[in-house]
Amino acid sequence: MKHIRILGISGSLRADSTNTIILKTLGSLLPSDITFEIFEGLDEIAHFAPGLSDTGQVIRFKTAIAQADALVICTPEYAFGVPGTLKNALDWTVGTGDLNDKPVSVISASPLNSGGNNALASLLLTLTALGTKKNDGSALSIPNVKSKITEGRVTDAYTLNQLRIQCNNLLSLIGG
Ligand SMILES: Cc1cc2nc3c(=O)[nH]c(=O)nc-3n(C[C@H](O)[C@H](O)[C@H](O)COP(=O)(O)O)c2cc1C
């Protein structure tokens, strides 16, 4: 059977990001024979404008996507939207179709009760425009995220189960 590789992307650049913790936790819940890597350096990707050629970091980003069988994106919400750094990176893939038919899991974690629902909805729209492969189970909103993490680890049983469901759904999208 083909070796499965999954690429994680965090929409937060903060060193102790709760979204990155969620992402790492999801990675730890995947079967051990799956390679899970988090893309580093989202903030080194040039500002997108139509007509610009792919530069070093853009090429690195697109290569990481091409080598992955699926993506997990976990992002905070800023001012009811997707962080600009993440949206900028995704905009580079519009013209070249790098995410076309790529299975995705999309998560938004927030310290608020809303769970970053606006960012999640916006990101799902963008990922629809990019032709990604997803279904009704591909999105997860995590409210009050700080209460679900202890010493850098997700300790909330319900959230851990929700992340396991995301893993299983993503694997079914890869297989299907
Ligand atoms: C400029 C700014 C705007 C924010 N806007 C929102 C928002 O619209 N909705 C929300 O749920 N949280 C908002 N937050 C709070 C973030 O969700 C919170 O900082 C979160 O912990 C960031 O995720 P991270 O821990 O992964 O970095 C905002 C934070 C900042 C700094």
# chains A, B, ... in the order shown; residues from 1 in each chain; ligands from 1

$ residues_around --residues "A:Pro50" --least-positions-apart "5" --cutoff "10 Å" --atoms "only C-alpha atoms" --output "number ranges by chain"
A: 91-92, 94-95

$ residues_around --residues "stretch 63-70 of chain A" --least-positions-apart "3" --cutoff "7 Å" --atoms "only C-alpha atoms" --output "PyMOL selection string"
chain A and resi 4-7+59-60+98+102-104+174

$ residues_near_ligand --ligand "ligand 1" --cutoff "7 Å" --atoms "only C-alpha atoms and all ligand atoms" --output "list in words"
Ser12, Leu13, Arg14, Asp16, Ser17, Thr18, Asn19, Thr20, Thr75, Pro76, Glu77, Tyr78, Ala79, Phe80, Gly81, Ala109, Ser110, Pro111, Leu112, Ser114, Gly115 and Gly116 of chain A

$ write_last_selection --atoms "N, CA and C atoms" --output "PDB file, in the first residue's frame"
ATOM      1  N   SER A  12      -1.430  30.224  12.691  1.00  0.00           N
ATOM      2  CA  SER A  12      -0.834  31.092  13.713  1.00  0.00           C
ATOM      3  C   SER A  12       0.676  31.008  13.673  1.00  0.00           C
ATOM      4  N   LEU A  13       1.321  32.151  13.819  1.00  0.00           N
ATOM      5  CA  LEU A  13       2.790  32.205  13.838  1.00  0.00           C
ATOM      6  C   LEU A  13       3.330  32.222  15.271  1.00  0.00           C
ATOM      7  N   ARG A  14       2.442  32.244  16.254  1.00  0.00           N
ATOM      8  CA  ARG A  14       2.895  32.343  17.646  1.00  0.00           C
ATOM      9  C   ARG A  14       3.581  31.054  18.101  1.00  0.00           C
ATOM     10  N   ASP A  16       3.715  29.658  21.017  1.00  0.00           N
ATOM     11  CA  ASP A  16       2.890  28.782  21.857  1.00  0.00           C
ATOM     12  C   ASP A  16       1.436  28.776  21.392  1.00  0.00           C
ATOM     13  N   SER A  17       1.266  28.825  20.088  1.00  0.00           N
ATOM     14  CA  SER A  17      -0.072  28.853  19.480  1.00  0.00           C
ATOM     15  C   SER A  17      -0.939  27.668  19.901  1.00  0.00           C
ATOM     16  N   THR A  18      -2.167  27.977  20.289  1.00  0.00           N
ATOM     17  CA  THR A  18      -3.103  26.899  20.624  1.00  0.00           C
ATOM     18  C   THR A  18      -3.477  26.113  19.362  1.00  0.00           C
ATOM     19  N   ASN A  19      -3.544  26.800  18.236  1.00  0.00           N
ATOM     20  CA  ASN A  19      -3.886  26.099  16.988  1.00  0.00           C
ATOM     21  C   ASN A  19      -2.784  25.123  16.585  1.00  0.00           C
ATOM     22  N   THR A  20      -1.526  25.524  16.810  1.00  0.00           N
ATOM     23  CA  THR A  20      -0.426  24.604  16.487  1.00  0.00           C
ATOM     24  C   THR A  20      -0.441  23.411  17.437  1.00  0.00           C
ATOM     25  N   THR A  75      -6.468  26.962  12.215  1.00  0.00           N
ATOM     26  CA  THR A  75      -6.217  28.399  12.214  1.00  0.00           C
ATOM     27  C   THR A  75      -7.014  29.166  13.258  1.00  0.00           C
ATOM     28  N   PRO A  76      -6.418  30.232  13.769  1.00  0.00           N
ATOM     29  CA  PRO A  76      -7.206  31.149  14.593  1.00  0.00           C
ATOM     30  C   PRO A  76      -8.057  32.045  13.698  1.00  0.00           C
ATOM     31  N   GLU A  77      -8.924  32.809  14.332  1.00  0.00           N
ATOM     32  CA  GLU A  77      -9.722  33.822  13.630  1.00  0.00           C
ATOM     33  C   GLU A  77      -9.210  35.192  14.051  1.00  0.00           C
ATOM     34  N   TYR A  78      -8.929  36.033  13.073  1.00  0.00           N
ATOM     35  CA  TYR A  78      -8.553  37.420  13.366  1.00  0.00           C
ATOM     36  C   TYR A  78      -9.601  38.343  12.746  1.00  0.00           C
ATOM     37  N   ALA A  79     -10.185  39.185  13.594  1.00  0.00           N
ATOM     38  CA  ALA A  79     -11.191  40.156  13.112  1.00  0.00           C
ATOM     39  C   ALA A  79     -12.229  39.490  12.210  1.00  0.00           C
ATOM     40  N   PHE A  80     -12.752  38.377  12.692  1.00  0.00           N
ATOM     41  CA  PHE A  80     -13.805  37.594  12.017  1.00  0.00           C
ATOM     42  C   PHE A  80     -13.333  36.965  10.715  1.00  0.00           C
ATOM     43  N   GLY A  81     -12.043  36.909  10.473  1.00  0.00           N
ATOM     44  CA  GLY A  81     -11.568  36.372   9.187  1.00  0.00           C
ATOM     45  C   GLY A  81     -10.379  35.435   9.346  1.00  0.00           C
ATOM     46  N   ALA A 109      -9.637  27.046  16.076  1.00  0.00           N
ATOM     47  CA  ALA A 109      -9.684  27.039  17.537  1.00  0.00           C
ATOM     48  C   ALA A 109      -9.604  28.470  18.043  1.00  0.00           C
ATOM     49  N   SER A 110     -10.454  28.766  19.032  1.00  0.00           N
ATOM     50  CA  SER A 110     -10.519  30.137  19.554  1.00  0.00           C
ATOM     51  C   SER A 110     -10.734  30.109  21.059  1.00  0.00           C
ATOM     52  N   PRO A 111     -10.214  31.113  21.765  1.00  0.00           N
ATOM     53  CA  PRO A 111     -10.495  31.189  23.206  1.00  0.00           C
ATOM     54  C   PRO A 111     -11.928  31.639  23.486  1.00  0.00           C
ATOM     55  N   LEU A 112     -12.636  32.064  22.438  1.00  0.00           N
ATOM     56  CA  LEU A 112     -14.006  32.555  22.609  1.00  0.00           C
ATOM     57  C   LEU A 112     -15.023  31.415  22.421  1.00  0.00           C
ATOM     58  N   SER A 114     -17.352  31.350  20.348  1.00  0.00           N
ATOM     59  CA  SER A 114     -17.708  31.204  18.927  1.00  0.00           C
ATOM     60  C   SER A 114     -16.831  30.171  18.208  1.00  0.00           C
ATOM     61  N   GLY A 115     -15.675  29.856  18.782  1.00  0.00           N
ATOM     62  CA  GLY A 115     -14.812  28.848  18.163  1.00  0.00           C
ATOM     63  C   GLY A 115     -14.225  29.243  16.828  1.00  0.00           C
ATOM     64  N   GLY A 116     -14.196  30.529  16.535  1.00  0.00           N
ATOM     65  CA  GLY A 116     -13.620  30.963  15.253  1.00  0.00           C
ATOM     66  C   GLY A 116     -14.471  30.569  14.059  1.00  0.00           C
TER      67      GLY A 116
END

$ residues_around --residues "A:Gln166" --least-positions-apart "3" --cutoff "12 Å" --atoms "only C-alpha atoms" --output "PyMOL selection string"
chain A and resi 22-23+25-27+29-30+71-74+103-107+134-141+159-163+169-173

$ write_last_selection --atoms "C-alpha atoms" --output "CSV table (one decimal), in the first residue's frame"
chain,number,residue,atom,x,y,z
A,22,ILE,CA,-4.2,21.3,18.2
A,23,LEU,CA,-2.5,20.5,14.9
A,25,THR,CA,-2.2,16.7,18.8
A,26,LEU,CA,-4.1,15.6,15.6
A,27,GLY,CA,-0.8,14.5,14.1
A,29,LEU,CA,-3.5,10.6,16.8
A,30,LEU,CA,-2.8,9.4,13.3
A,71,LEU,CA,-3.8,18.7,4.3
A,72,VAL,CA,-4.9,19.6,7.8
A,73,ILE,CA,-5.2,23.4,8.3
A,74,CYS,CA,-5.8,24.7,11.8
A,103,PRO,CA,-8.3,16.0,0.7
A,104,VAL,CA,-8.5,18.5,3.6
A,105,SER,CA,-9.5,18.8,7.2
A,106,VAL,CA,-10.1,22.3,8.4
A,107,ILE,CA,-10.1,23.3,12.1
A,134,LYS,CA,-13.9,17.6,1.6
A,135,ASN,CA,-17.3,16.7,3.0
A,136,ASP,CA,-19.6,17.6,5.8
A,137,GLY,CA,-17.2,16.1,8.3
A,138,SER,CA,-14.2,18.0,7.2
A,139,ALA,CA,-14.6,21.0,9.5
A,140,LEU,CA,-14.2,21.4,13.2
A,141,SER,CA,-14.6,24.4,15.4
A,159,THR,CA,-11.9,17.5,21.9
A,160,LEU,CA,-9.5,14.5,21.5
A,161,ASN,CA,-12.4,12.5,20.2
A,162,GLN,CA,-13.4,15.2,17.8
A,163,LEU,CA,-9.8,15.2,16.5
A,169,ASN,CA,-12.7,11.3,7.9
A,170,LEU,CA,-9.6,12.6,6.3
A,171,LEU,CA,-8.2,9.1,5.8
A,172,SER,CA,-11.5,8.1,4.2
A,173,LEU,CA,-11.3,11.0,1.8

$ select_by_dssp --residues "stretch 71-165 of chain A" --states "helix (DSSP H, G or I)" --output "PyMOL selection string"
chain A and resi 84-91+117-129+145-148+157-165

$ closest_residue --among "A:Gly97, A:Gly152, A:Gly51, A:Gly84" --to "A:Ala119" --atoms "only C-alpha atoms"
A:Gly84

$ residues_around --residues "A:Leu127" --least-positions-apart "5" --cutoff "9 Å" --atoms "only C-alpha atoms" --output "list in words"
Leu90, Leu99, Val104, Ser122, Thr132, Lys133 and Lys134 of chain A

$ write_last_selection --atoms "C-alpha atoms" --output "PDB file, in the first residue's frame"
ATOM      1  CA  LEU A  90      -3.383  29.894  -0.279  1.00  0.00           C
ATOM      2  CA  LEU A  99      -4.918  22.059  -4.034  1.00  0.00           C
ATOM      3  CA  VAL A 104      -8.514  18.533   3.607  1.00  0.00           C
ATOM      4  CA  SER A 122     -14.428  31.816   5.177  1.00  0.00           C
ATOM      5  CA  THR A 132     -10.167  20.698  -2.464  1.00  0.00           C
ATOM      6  CA  LYS A 133     -11.781  17.386  -1.584  1.00  0.00           C
ATOM      7  CA  LYS A 134     -13.923  17.643   1.554  1.00  0.00           C
TER       8      LYS A 134
END

$ closest_residue --among "A:Leu52, A:Ala157, A:Ile9, A:Ile149" --to "A:Ile38" --atoms "only C-alpha atoms"
A:Ile9

$ atom_distance --atom1 "atom CA of A:Ser147" --atom2 "atom CA of A:Asn113"
11.2 Å

$ select_by_dssp --residues "chain A" --states "strand (DSSP E)" --output "PyMOL selection string"
chain A and resi 5-10+35-38+70-75+104-109+139-142+149-150+153-154

$ closest_residue --among "A:Gly176, A:Gly131, A:Gly11, A:Pro143" --to "A:Asp101" --atoms "only C-alpha atoms"
A:Gly131

$ decode --residues "stretch 77-106 of chain A" --atoms "N, CA and C atoms" --output "compact mmCIF listing (two decimals), in the first residue's frame"
# COMPACT_ATOMS: atom_id res chain seq x y z
N GLU A 77 -8.92 32.81 14.33
CA GLU A 77 -9.72 33.82 13.63
C GLU A 77 -9.21 35.19 14.05
N TYR A 78 -8.93 36.03 13.07
CA TYR A 78 -8.55 37.42 13.37
C TYR A 78 -9.60 38.34 12.75
N ALA A 79 -10.18 39.18 13.59
CA ALA A 79 -11.19 40.16 13.11
C ALA A 79 -12.23 39.49 12.21
N PHE A 80 -12.75 38.38 12.69
CA PHE A 80 -13.81 37.59 12.02
C PHE A 80 -13.33 36.96 10.71
N GLY A 81 -12.04 36.91 10.47
CA GLY A 81 -11.57 36.37 9.19
C GLY A 81 -10.38 35.43 9.35
N VAL A 82 -9.87 34.99 8.21
CA VAL A 82 -8.70 34.12 8.16
C VAL A 82 -7.44 34.98 8.29
N PRO A 83 -6.45 34.59 9.10
CA PRO A 83 -5.21 35.38 9.19
C PRO A 83 -4.62 35.62 7.80
N GLY A 84 -4.15 36.84 7.58
CA GLY A 84 -3.64 37.23 6.27
C GLY A 84 -2.51 36.34 5.78
N THR A 85 -1.65 35.90 6.68
CA THR A 85 -0.50 35.06 6.28
C THR A 85 -0.98 33.76 5.62
N LEU A 86 -2.00 33.16 6.22
CA LEU A 86 -2.53 31.91 5.67
C LEU A 86 -3.23 32.15 4.35
N LYS A 87 -4.06 33.20 4.30
CA LYS A 87 -4.79 33.49 3.05
C LYS A 87 -3.82 33.82 1.92
N ASN A 88 -2.76 34.53 2.25
CA ASN A 88 -1.75 34.87 1.24
C ASN A 88 -1.13 33.61 0.65
N ALA A 89 -0.78 32.67 1.52
CA ALA A 89 -0.16 31.43 1.03
C ALA A 89 -1.13 30.67 0.12
N LEU A 90 -2.39 30.62 0.53
CA LEU A 90 -3.38 29.89 -0.28
C LEU A 90 -3.61 30.59 -1.62
N ASP A 91 -3.54 31.90 -1.64
CA ASP A 91 -3.77 32.64 -2.90
C ASP A 91 -2.75 32.24 -3.98
N TRP A 92 -1.54 31.85 -3.56
CA TRP A 92 -0.52 31.43 -4.53
C TRP A 92 -0.94 30.18 -5.29
N THR A 93 -1.86 29.40 -4.70
CA THR A 93 -2.22 28.11 -5.32
C THR A 93 -3.42 28.23 -6.28
N VAL A 94 -4.01 29.41 -6.35
CA VAL A 94 -5.22 29.57 -7.18
C VAL A 94 -4.90 29.28 -8.65
N GLY A 95 -3.90 29.96 -9.17
CA GLY A 95 -3.60 29.86 -10.60
C GLY A 95 -3.01 28.53 -11.02
N THR A 96 -2.32 27.86 -10.10
CA THR A 96 -1.63 26.62 -10.46
C THR A 96 -2.37 25.37 -10.01
N GLY A 97 -3.49 25.56 -9.30
CA GLY A 97 -4.35 24.42 -8.96
C GLY A 97 -3.71 23.39 -8.05
N ASP A 98 -2.77 23.80 -7.21
CA ASP A 98 -2.03 22.85 -6.37
C ASP A 98 -2.94 22.09 -5.39
N LEU A 99 -4.05 22.71 -5.02
CA LEU A 99 -4.92 22.06 -4.03
C LEU A 99 -6.11 21.36 -4.67
N ASN A 100 -6.13 21.35 -5.99
CA ASN A 100 -7.26 20.72 -6.68
C ASN A 100 -7.35 19.24 -6.33
N ASP A 101 -8.51 18.83 -5.82
CA ASP A 101 -8.78 17.43 -5.46
C ASP A 101 -7.98 16.94 -4.25
N LYS A 102 -7.34 17.84 -3.53
CA LYS A 102 -6.54 17.46 -2.35
C LYS A 102 -7.49 17.32 -1.14
N PRO A 103 -7.52 16.17 -0.47
CA PRO A 103 -8.35 16.03 0.73
C PRO A 103 -7.89 16.99 1.84
N VAL A 104 -8.86 17.59 2.54
CA VAL A 104 -8.51 18.53 3.61
C VAL A 104 -9.35 18.31 4.86
N SER A 105 -8.75 18.65 5.97
CA SER A 105 -9.46 18.79 7.24
C SER A 105 -9.20 20.22 7.69
N VAL A 106 -10.25 20.90 8.13
CA VAL A 106 -10.14 22.32 8.44
C VAL A 106 -10.62 22.56 9.87
